[in-house]
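A short write-up of the structure that comes next.
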Amino acid sequence: MTVIARNLVWGVRRRTIVNDVSLTVAEGETLGLIGPNGSGKSSLLRLLSGLKAPQSGRVEIRGEDIARISRRALARQLAFVQQNATTDTNVSVHDVVRLGRTPHRSALAGWTAADETAVATALTRVDMADRRDQPWQTLSGGERQRVHIARALAQSPRVMFLDEPTNHLDIHHQIEILRMVRRLDVTSVIALHDLNLAAMFCDRIVVLRGGAVVACGTPAEVLTESLLRDVFRVETEVALGPDSAQPHIRLKSDPQAGR
Amino acid sequence: MTDGGTKPGGAGTLALFLGLVLILLVLAVAFATAIGDYRIGIGTVFLAVTNGLGLTAADIPPIEQSVVWDLRLSRALVAALAGAGLAICGAILQALLRNALAEPFVLGVSAGASTGAVAVIVLGIGAGSLSLSMGAFAGAFAAFALVALLSNGATSGPNHTILAGVVASQLFNALTSYIVTTSGNAQQARDVMFWLLGSFGGVRWPDFQLLIVVVLIGLAICLLMARSLDAFTFGDEDAAALGVPVARIRLILFAVTALMTATIVSMVGTIGFVGLVVPHAARYVVGPLHLRLLPACATVGAVFMVLADIASRVVAEQQVIPIGVVTALVGVPFFAVILYRARPQT
């Protein structure tokens with residue numbers, strides 16, 4: 001499903017955090033959002049997923065303004081994975097993933113075979129199927145993140161928004177999760193910190209600074225030495241892979257070396 | 001509306017648990033009806049109940065008929081409903097505020113009710129036309145309105161809402177103390193104190209009729225929103241991402257719990273700890289899903305309160321201990337265990 005943002009503006013009091021952002025996410029595409037801390041990545045994700053209402057501008061899915069779609073109808077199409085969401089309640093892995101079926105169930109409807117299939121498939125996807133009865137409190141940070149992603153998958157969404165989903169994962173699971181998200185038959189927008197992972201797994205990358213889009217394009221187009229110096233204030237050496245599509249970024253330890 | 005029949009603790013277990021607790025409730029109510037300072041034979045008690053139900057027309061002394069039917073049975077049933085209502089409210093607020101220590105009075109409702117009651121008892125506001133219950137109810141709603149105002153219609157997040165509740169409680173408790181110390185005499189102060197700790201002494205059938213309507217409607221609304229309550233497990237934003245209209249659900253549920261709590265408090269005073277302890281106990285048995293938890297809370301709360309009422313009447317000869325004292329004596333050790341278990345794991 002295509003997601004289109006038109007001139008989104010959002011802020012707190014007088015501070016503008018998202019400043020006139022327009023972008024298009026194509027059907028099935030994996031779009032990376034990168035930018036320094038405080039550049040508005042999380043806020044933009046919340047605007048795109050309808051969790052926050054923009055002060056001006058709008059977000060469209062299938063040509064319809066999401067502000068006019070009910071929360072429930074929206075949640076059947078869009079899933080959102082927060083950073084580090086946790087709970088004190090003693091729930092099991094299965095209980096948490098079941099929550100993903102919430103928008104598909106009416107107030108008193110029973111638990112259907114389709115619900116169970118969606119939950120089981122989601123658990124298998126994140127490699128947690130054999131842990132379904134484990135209590136939430138006993139999971140590591142990375143396992144919790146995978147369960148959150150499973151819950152989002154159980155929503156059977158057409159579009160997924162992930163706010164730094166690989167934050168707590170070891171490198172193996174970072175790559176696993178991103179590869180999995182990319183292979184899914186869904187449109188996804190991922191806020192990421194790791195530039196090389198963004199280059200590896202995103203079809204296109206949007207670079208934010210101060211709440212505004214400063215670059216947008218394929219990883220090779222966007223991740224250049226001059227842009228990284230400009231936006232992230234780091235000196236790098238960018239090498240293009242053999243197919244010249246996937247740039248590899250090597251950080252330089254000595255800032256003087258690039259001059 | 002059964003949930004997860006495949007997993008341990010499924011629908012069958014819940015039905016069994018509810019059945020057992022309901023049997024316990026019937027026994028507890030029967031026991032509460034049979035005992036008291038005025039000794040009545042068990043056969044007479046049974047006949048008095050069946051007489052009251054219109055099943056028999058046995059010839060028993062009118063005083064005994066009246067004691068059993070009008071005093072004891074109505075009292076036991078009101079106690080059951082009050083316990084059920086407070087436990088439901090506790091479970092709802094613990095979920096909405098994402099706080100294991102939340103209970104029905106956390107939003108200042110009891111403090112407001114006290115002020116309203118004191119205004120009637122001590123200041124004589126309403127000059128007799130306004131009953132203590134109505135004063136308490138008005139006070140409770142004033143406190144709830146203040147909390148709703150301070151927390152922006154409860155949209156400012158759990159901690160902000162709890163703080164607003166603390167502020168309202170402090171304000172109304174201060175008002176209560178001020179009224180009692182400046183205007184009350186010793187007897188009034190004692191009356192107020194007794195009322196604050198809760199008592200089923202004055203309740204009659206009209207109280208039961210009002211309370212059963214409020215509690216059953218409240219329970220029904222909460223059950224309809226049980227799925228949405230589950231979605232609050234990881235916070236408000238997460239619930240919104242799962243398709244829950246967060247602001248609306250929260251305001252409705254806060255209002256429902258405030259209404260239930262205010263009705264109960266205005267009838268029987270502020271009975272603490274039931275709303276805190278019972279949801280935790282019930283969660284331990286039936287798990288955290290609200291479609292299972294709420295019925296369990298209702299039944300366990302009812303049994304707990306009836307038993308507490310019995311204890312309050314029999315522990316001391318010729319005296320009635322305030323019900324709040326009994327529930328707290330049971331509740332405090334439980335509370336201590338929760339605190340102990342909730343300590344940071346470092």
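Labels for the structure tokens follow display order: chains A, B, ..., residues from 1 in each chain, ligands from 1.
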
Enumerate, as an NGL selection string, the complete set of residues in stretch 134-329 of chain B that a backbone-based DSSP assignment places in alpha helix (DSSP H). :B and (134-150 or 158-183 or 186-196 or 205-224 or 226-231 or 236-241 or 246-268 or 274-286 or 290-314 or 323-329)

Polymer residues at most 10 Å from B:Ile35, only C-alpha atoms, same-chain spacing of 3 or more positions, as a PyMOL selection string: chain B and resi 30-32+38-42+45+68+72+310+313-314

Output of the above residues as a PDB file, in the first residue's frame, restricted to C-alpha atoms:
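What follows is the written file out-v1.pdb:
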ATOM      1  CA  ALA B  30     -26.249 -17.609  54.126  1.00  0.00           C
ATOM      2  CA  PHE B  31     -23.821 -17.564  57.028  1.00  0.00           C
ATOM      3  CA  ALA B  32     -23.989 -13.777  57.262  1.00  0.00           C
ATOM      4  CA  TYR B  38     -29.988 -11.588  68.067  1.00  0.00           C
ATOM      5  CA  ARG B  39     -29.956 -15.403  68.052  1.00  0.00           C
ATOM      6  CA  ILE B  40     -32.390 -16.983  65.649  1.00  0.00           C
ATOM      7  CA  GLY B  41     -32.631 -20.710  64.897  1.00  0.00           C
ATOM      8  CA  ILE B  42     -31.354 -21.813  61.526  1.00  0.00           C
ATOM      9  CA  VAL B  45     -33.727 -18.059  59.260  1.00  0.00           C
ATOM     10  CA  VAL B  68     -33.348 -11.799  58.941  1.00  0.00           C
ATOM     11  CA  ARG B  72     -29.204  -9.192  57.631  1.00  0.00           C
ATOM     12  CA  ILE B 310     -19.074 -11.319  59.151  1.00  0.00           C
ATOM     13  CA  ARG B 313     -19.572  -8.473  63.560  1.00  0.00           C
ATOM     14  CA  VAL B 314     -18.291 -11.538  65.383  1.00  0.00           C
TER      15      VAL B 314
END

Test item, strand (DSSP E) assignment across stretch 5-110 of chain A, answer as a PyMOL selection string: chain A and resi 5-12+15-25+30-34+56-61+64-65+78-81

The selected residues should be written to file as a tab-separated table (two decimals), in the first residue's frame (atoms: N, CA and C atoms).
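The new file part31.tsv reads:
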chain	number	residue	atom	x	y	z
A	5	ALA	N	2.83	11.36	2.27
A	5	ALA	CA	2.77	12.45	3.25
A	5	ALA	C	2.85	13.77	2.50
A	6	ARG	N	1.97	14.68	2.85
A	6	ARG	CA	1.97	15.97	2.17
A	6	ARG	C	2.17	17.10	3.18
A	7	ASN	N	3.29	17.74	3.10
A	7	ASN	CA	3.58	18.95	3.88
A	7	ASN	C	3.27	18.82	5.36
A	8	LEU	N	3.77	17.75	5.98
A	8	LEU	CA	3.48	17.53	7.40
A	8	LEU	C	4.25	18.52	8.27
A	9	VAL	N	3.52	19.14	9.19
A	9	VAL	CA	4.14	20.02	10.19
A	9	VAL	C	3.62	19.61	11.55
A	10	TRP	N	4.54	19.47	12.50
A	10	TRP	CA	4.13	19.12	13.86
A	10	TRP	C	5.16	19.67	14.84
A	11	GLY	N	4.71	20.06	16.02
A	11	GLY	CA	5.65	20.57	17.00
A	11	GLY	C	5.04	20.60	18.38
A	12	VAL	N	5.88	20.93	19.35
A	12	VAL	CA	5.41	21.07	20.72
A	12	VAL	C	5.57	22.54	21.09
A	15	ARG	N	8.11	25.01	19.37
A	15	ARG	CA	9.20	24.33	18.71
A	15	ARG	C	8.66	23.41	17.60
A	16	THR	N	9.10	23.66	16.40
A	16	THR	CA	8.67	22.80	15.30
A	16	THR	C	9.60	21.59	15.24
A	17	ILE	N	9.02	20.40	15.28
A	17	ILE	CA	9.83	19.19	15.30
A	17	ILE	C	9.81	18.49	13.94
A	18	VAL	N	8.67	18.52	13.29
A	18	VAL	CA	8.61	18.02	11.91
A	18	VAL	C	8.21	19.21	11.04
A	19	ASN	N	9.07	19.52	10.07
A	19	ASN	CA	8.92	20.79	9.36
A	19	ASN	C	8.69	20.55	7.88
A	20	ASP	N	7.43	20.58	7.49
A	20	ASP	CA	7.07	20.54	6.08
A	20	ASP	C	7.65	19.32	5.36
A	21	VAL	N	7.32	18.14	5.85
A	21	VAL	CA	7.83	16.92	5.25
A	21	VAL	C	6.83	16.36	4.26
A	22	SER	N	7.30	16.15	3.06
A	22	SER	CA	6.48	15.44	2.06
A	22	SER	C	7.28	14.25	1.58
A	23	LEU	N	6.65	13.11	1.50
A	23	LEU	CA	7.34	11.94	0.94
A	23	LEU	C	6.32	10.91	0.49
A	24	THR	N	6.80	10.00	-0.34
A	24	THR	CA	5.95	8.93	-0.83
A	24	THR	C	6.64	7.60	-0.56
A	25	VAL	N	5.90	6.66	0.03
A	25	VAL	CA	6.43	5.32	0.21
A	25	VAL	C	5.66	4.43	-0.75
A	30	THR	N	10.71	-0.77	1.22
A	30	THR	CA	11.26	-0.60	2.56
A	30	THR	C	12.01	0.73	2.58
A	31	LEU	N	11.45	1.68	3.33
A	31	LEU	CA	12.02	3.02	3.37
A	31	LEU	C	12.74	3.22	4.69
A	32	GLY	N	13.98	3.67	4.64
A	32	GLY	CA	14.73	3.95	5.86
A	32	GLY	C	14.67	5.43	6.21
A	33	LEU	N	14.50	5.71	7.51
A	33	LEU	CA	14.57	7.09	7.98
A	33	LEU	C	15.84	7.21	8.80
A	34	ILE	N	16.75	8.05	8.36
A	34	ILE	CA	17.94	8.25	9.17
A	34	ILE	C	18.11	9.73	9.48
A	56	SER	N	-0.41	20.73	10.46
A	56	SER	CA	-0.94	20.97	9.12
A	56	SER	C	-0.36	19.90	8.20
A	57	GLY	N	-0.93	19.80	7.03
A	57	GLY	CA	-0.54	18.74	6.12
A	57	GLY	C	-1.33	17.49	6.39
A	58	ARG	N	-1.11	16.46	5.59
A	58	ARG	CA	-1.85	15.23	5.81
A	58	ARG	C	-1.12	14.00	5.29
A	59	VAL	N	-1.60	12.84	5.76
A	59	VAL	CA	-1.05	11.57	5.32
A	59	VAL	C	-2.17	10.82	4.60
A	60	GLU	N	-1.83	10.25	3.45
A	60	GLU	CA	-2.86	9.52	2.69
A	60	GLU	C	-2.43	8.06	2.50
A	61	ILE	N	-3.39	7.16	2.71
A	61	ILE	CA	-3.19	5.79	2.23
A	61	ILE	C	-4.32	5.52	1.26
A	64	GLU	N	-6.69	8.27	0.62
A	64	GLU	CA	-7.61	8.78	1.62
A	64	GLU	C	-6.83	9.34	2.81
A	65	ASP	N	-7.28	10.49	3.31
A	65	ASP	CA	-6.64	11.12	4.46
A	65	ASP	C	-6.84	10.24	5.70
A	78	LEU	N	-2.23	-0.60	9.39
A	78	LEU	CA	-0.93	-0.06	9.79
A	78	LEU	C	-0.55	-0.63	11.15
A	79	ALA	N	0.69	-1.10	11.25
A	79	ALA	CA	1.19	-1.54	12.55
A	79	ALA	C	2.37	-0.67	12.94
A	80	PHE	N	2.54	-0.49	14.24
A	80	PHE	CA	3.60	0.39	14.73
A	80	PHE	C	4.40	-0.36	15.80
A	81	VAL	N	5.70	-0.41	15.65
A	81	VAL	CA	6.54	-1.05	16.67
A	81	VAL	C	7.33	0.05	17.39

Interface residues on chain B facing chain A, 10 Å, only C-alpha atoms, written as an MDAnalysis selection string: chainID B and resid 1:5 7:8 94:95 98:100 223:228 230:235 237:246 283:284 287:289 291 342

Looking at A:Leu228, A:Ile190, A:Leu195, A:Val97, which one is nearest to A:Ile149, with distances taken over only C-alpha atoms?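 Once distances to A:Ile149 are computed over only C-alpha atoms, the minimum belongs to A:Val97.
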
Counting only C-alpha atoms, what is within 8 Å of stretch 176-193 of chain B, bar same-chain residues fewer than 4 positions away, as a list in words? Ser114, Thr115, Ala117, Val118, Ala119, Ile121, Val122, Leu123, Phe172 and Leu197 of chain B

Write out the residues from the selection above, keeping N, CA and C atoms, as a tab-separated table (two decimals), in the first residue's frame.
chain	number	residue	atom	x	y	z
B	114	SER	N	-15.82	11.98	51.56
B	114	SER	CA	-15.72	12.32	52.97
B	114	SER	C	-16.09	13.78	53.21
B	115	THR	N	-15.55	14.63	52.35
B	115	THR	CA	-15.85	16.05	52.53
B	115	THR	C	-17.35	16.30	52.40
B	117	ALA	N	-19.74	14.15	52.95
B	117	ALA	CA	-20.44	13.57	54.10
B	117	ALA	C	-20.27	14.46	55.33
B	118	VAL	N	-19.05	14.94	55.53
B	118	VAL	CA	-18.77	15.79	56.68
B	118	VAL	C	-19.55	17.09	56.59
B	119	ALA	N	-19.65	17.61	55.38
B	119	ALA	CA	-20.41	18.84	55.21
B	119	ALA	C	-21.85	18.64	55.66
B	121	ILE	N	-22.93	16.02	57.83
B	121	ILE	CA	-22.98	15.65	59.25
B	121	ILE	C	-22.69	16.84	60.16
B	122	VAL	N	-21.61	17.54	59.87
B	122	VAL	CA	-21.14	18.57	60.79
B	122	VAL	C	-21.76	19.93	60.49
B	123	LEU	N	-21.73	20.34	59.23
B	123	LEU	CA	-22.22	21.67	58.91
B	123	LEU	C	-23.73	21.70	58.74
B	172	PHE	N	-9.19	17.60	49.46
B	172	PHE	CA	-10.46	17.26	50.12
B	172	PHE	C	-10.24	16.72	51.53
B	197	LEU	N	-14.49	4.86	57.96
B	197	LEU	CA	-13.93	3.52	57.94
B	197	LEU	C	-14.90	2.48	57.38

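Among the candidates B:Ala28, B:Leu14, B:Ile23, B:Val326, the one nearest to B:Ile271 when counting only C-alpha atoms is B:Val326.
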
List as a PyMOL selection string the protein and nucleic acid residues near A:Thr166, meaning an atom at most 12 Å away when only C-alpha atoms are counted, but skip any in the same chain fewer than 3 places from it. chain A and resi 81-84+141-146+148-149+162-163+169-179+181+190-194+197-198

Quick one: residues within 12 Å of B:Val214, only C-alpha atoms counted, chain neighbours fewer than 5 positions away excluded, as a ChimeraX atom specification? /B:78,81-82,84-86,207-209,219-221,256-264

Which residue, B:Leu196, B:Ala308, B:Leu175, B:Leu229, has the smallest gap to B:Arg250 when you use only C-alpha atoms? B:Leu229

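Near B:Ala58, within 8 Å and counting only C-alpha atoms, sit Leu47, Ala48 and Asn51 of chain B, not including residues fewer than 5 positions from it in the same chain.
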
Spatial neighbours of B:Leu20, 12 Å, only C-alpha atoms, chain gap at least 6 places, as an MDAnalysis selection string: chainID B and resid 13:14 26:27 296 299:300 303

Choose the residue, out of A:Ala154, A:Met128, A:Leu227, A:Ala239, that has the smallest atom-to-atom separation from A:Asp115; count only C-alpha atoms.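 When distances to A:Asp115 are compared using only C-alpha atoms, the smallest one comes from A:Ala154.
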